[in-house]
Amino acid sequence: MYRTHTCGELRAANIGQSVVLCGWAQKVRKLGGMTFLDIRDRWGITQLVADEKSEQKVQSDVEKIGREFVIQCEGRVVERSNKNSKIPTGEVEVAIDRVVVLNSSEIPPFTIEDDTDGGDELRMKYRYLDIRRNPVKNALLLRHRVAQEVRKYLDKKSFIEVETPFLIKSTPEGARDFVVPSRMNQGEFYALPQSPQTFKQLLMVAGMDRYFQIVKCFRDEDLRADRQPEFTQIDCEMSFVERDDILLTFEGLMMHLFKEVKGIEFTKPFQRMSYSDAMTLYGSDKPDIRFGMEIRQIDSLAKGKGFPVFDSAEYVGGICVPGCASYSRKQIDELTLFVQKPQIGAKGLVYVKLEQDGTIKSSVDKFYSPEDLKAWASHMGASTGDLLLIMAGPQKRTLEGLGQLRLEMGNRLNLREANTYAPLWVVDFPLLEWDEESKRFFAMHHPFTSPILSDAHLFDSDAGAIRANAYDLVINGVEIGGGSIRIFDRTLQQKMFAALGFTQEEAEHQFGFLLNAFRYGAPPHGGIAFGFDRLCAVFGGSDSIRDYIAFPKNNSGRDVMINSPSDISQVQLNELGISLKDKK
RNA sequence: GGUUCGGUAGUUCAGUUGGUUAGAAUAUCGCCCUGUCACGGCGAGGGUCGCGGGUUCGAGUCCCGUCCGGACCGCCA
């Protein structure tokens, strides 16, 4: 045994014991006659001390220890004369009897401290050092805790964990596939799964009834702070269920996680909102409902008064920002620039200030009387001291722009507190999405999503209006999970494929295995998948999922620690029957 | 594919209209220091200013190109 205790364990109750600790040297503080040495491991940090009473060898050994040396120390637990209330082991220290350097260390490229001096790139390159730091270490511990609680809850609810293959078949719908060449079948390729979607449905046909898996998924698309090429889902599917059975089961999972991991109890069921309400009120299919500031349409009040911008717009609407009537010209200009960014692309921003003295000032005073503007204010629920921000233009874009402006104002007014959690089910998504470029419908969720059956008659008349029996879980404006009731009827599935522009042959070629399975008695089923990395980040109060992944990739999909992707040898290429195009 | 911000000491950054020997903090090393815990004091070493080209008497600074990194748009069923 290298050690008797961990570095986070010793308390006043241990005083007088002889102990052996192992860990990394965090910091050596020499004070002339005495030396303090902090030793650290996953569990915590303990102060070691050598002074005049220590043997000469101990004193000189301690002085040779540098940062991040791996050391073993034998000593006696003593009470500190100066206690440190900031750390759990702060009442005691270990008087060193013997210290051994198990391994020395080069000087690390950044400091191993909570507030490190290292930038992101460097930390990624030396991720194994970064993980020694508390913030990253704690993120991984949190992730472990969440995973364990997921398994505990789902196991209790009779779900079983089944592994599905990673080397599968490329499909045309959805994200770009990562592709793996086959040596034994030259010229052919596996694809890595974007999710185990079809396999979990096959498991339902196979009678497993309730399946889950905490599983890696792969999508070859450009990255963001909350998107990695490989990420983890909590993937679930249930048989003989309707939508509400699923919502309640997984609302239960979320409540369990919030309680066990965060100590937060939800007493009421999660709010539910239709996709169309989410878009009209929040300009987003993943609204942050921690704060109000809902969008209001004012077409009927704003049009026909001679202001050409509004008169010609498909949609006029705005948000009421509480208490911001005092915003300066400069602040309003900033907001105008914000909505004019190419990412939002608005033409401009109209403001109406409801001043404290009861007067109303706006950027469109020329066109609207104070009475007109008062009508806007009362329609938008504004009161004295509030600021109305109005945008106009094409309906969808303007709503989305207002949605982004709303989030920006929420940030500016600190209305998006990290420790407040507002979960929300968004339901009744459109089944199909029209793509202008290819002039065809795409499945908004995936091709196996069931329409709401009362809408199914619209397949031939107005397919774009069909609502899907699909749902997303949104927490604090982050899409945490989504799923649907699946089609289990062959005729309906064929209508769906037809709407997506698949011929019978194409459908057979791509999804024949699933359609075949459906010939042999598919139960009604549905499921959901949660973004595990995002869920952990939300629990940790962070916008970036990277700290919750032990070894993440950077913006360009590179692992800067192992330097991948990388070349492979000509021998490997030959074996695979692959020749490379010349780079230009 | 696009927009935008950045790249200067091991690290995080500053560096004025283009002008002497490129600075600070921190880390590192040395000396001093008996209760530190962001220890303190004194001192030292440490630079391909991402790379290439251009403008100029003179470029860290201006221009062009390129590489790398961050955020975002497109994309992500």
# chains A, B, ... in the order shown; residues from 1 in each chain; ligands from 1
>>> interface_residues(of="chain B", to="chain A", cutoff="8 Å", atoms="only C-alpha atoms (C1' of nucleotides)", output="JSON, numbers by chain")
{"B": [3, 10, 11, 12, 26, 27, 32, 33, 34, 35, 36, 37, 39, 69, 72, 73, 75, 76, 77]}
>>> select_by_dssp(residues="range 300-465 of chain A", states="helix (DSSP H, G or I)", output="VMD selection string")
chain A and resid 300 to 302 308 to 311 329 to 340 370 to 379 395 to 412 453 to 459 463 to 465
>>> residues_around(residues="Tyr128 in chain A", least_positions_apart="6", cutoff="10 Å", atoms="only C-alpha atoms (C1' of nucleotides)", output="list in words")
Ala550, Phe551 and Met561 of chain A
>>> write_last_selection(atoms="C-alpha atoms", output="mmCIF file, in the first residue's frame")
data_model
loop_
_atom_site.group_PDB
_atom_site.id
_atom_site.type_symbol
_atom_site.label_atom_id
_atom_site.label_comp_id
_atom_site.auth_asym_id
_atom_site.auth_seq_id
_atom_site.Cartn_x
_atom_site.Cartn_y
_atom_site.Cartn_z
ATOM 1 C CA ALA A 550 -12.416 14.530 -20.660
ATOM 2 C CA PHE A 551 -10.710 14.884 -24.032
ATOM 3 C CA MET A 561 -3.184 16.708 -27.598
#
>>> residues_around(residues="C49 in chain B", least_positions_apart="5", cutoff="9 Å", atoms="only C-alpha atoms (C1' of nucleotides)", output="ChimeraX atom specification")
/B:8,22,60
>>> select_by_dssp(residues="range 19-245 of chain A", states="strand (DSSP E)", output="NGL selection string")
:A and (19-30 or 35-41 or 44-50 or 70-79 or 92-103 or 160-161 or 179-181 or 189-191 or 210-218 or 230-239)
>>> closest_residue(among="A:Arg143, A:Trp24, A:Cys7, A:Phe212", to="Leu102 in chain A", atoms="only C-alpha atoms")
A:Trp24
>>> closest_residue(among="A:Leu580, A:Ala522, A:Ile562, A:Ile545", to="Phe240 in chain A", atoms="only C-alpha atoms")
A:Ala522
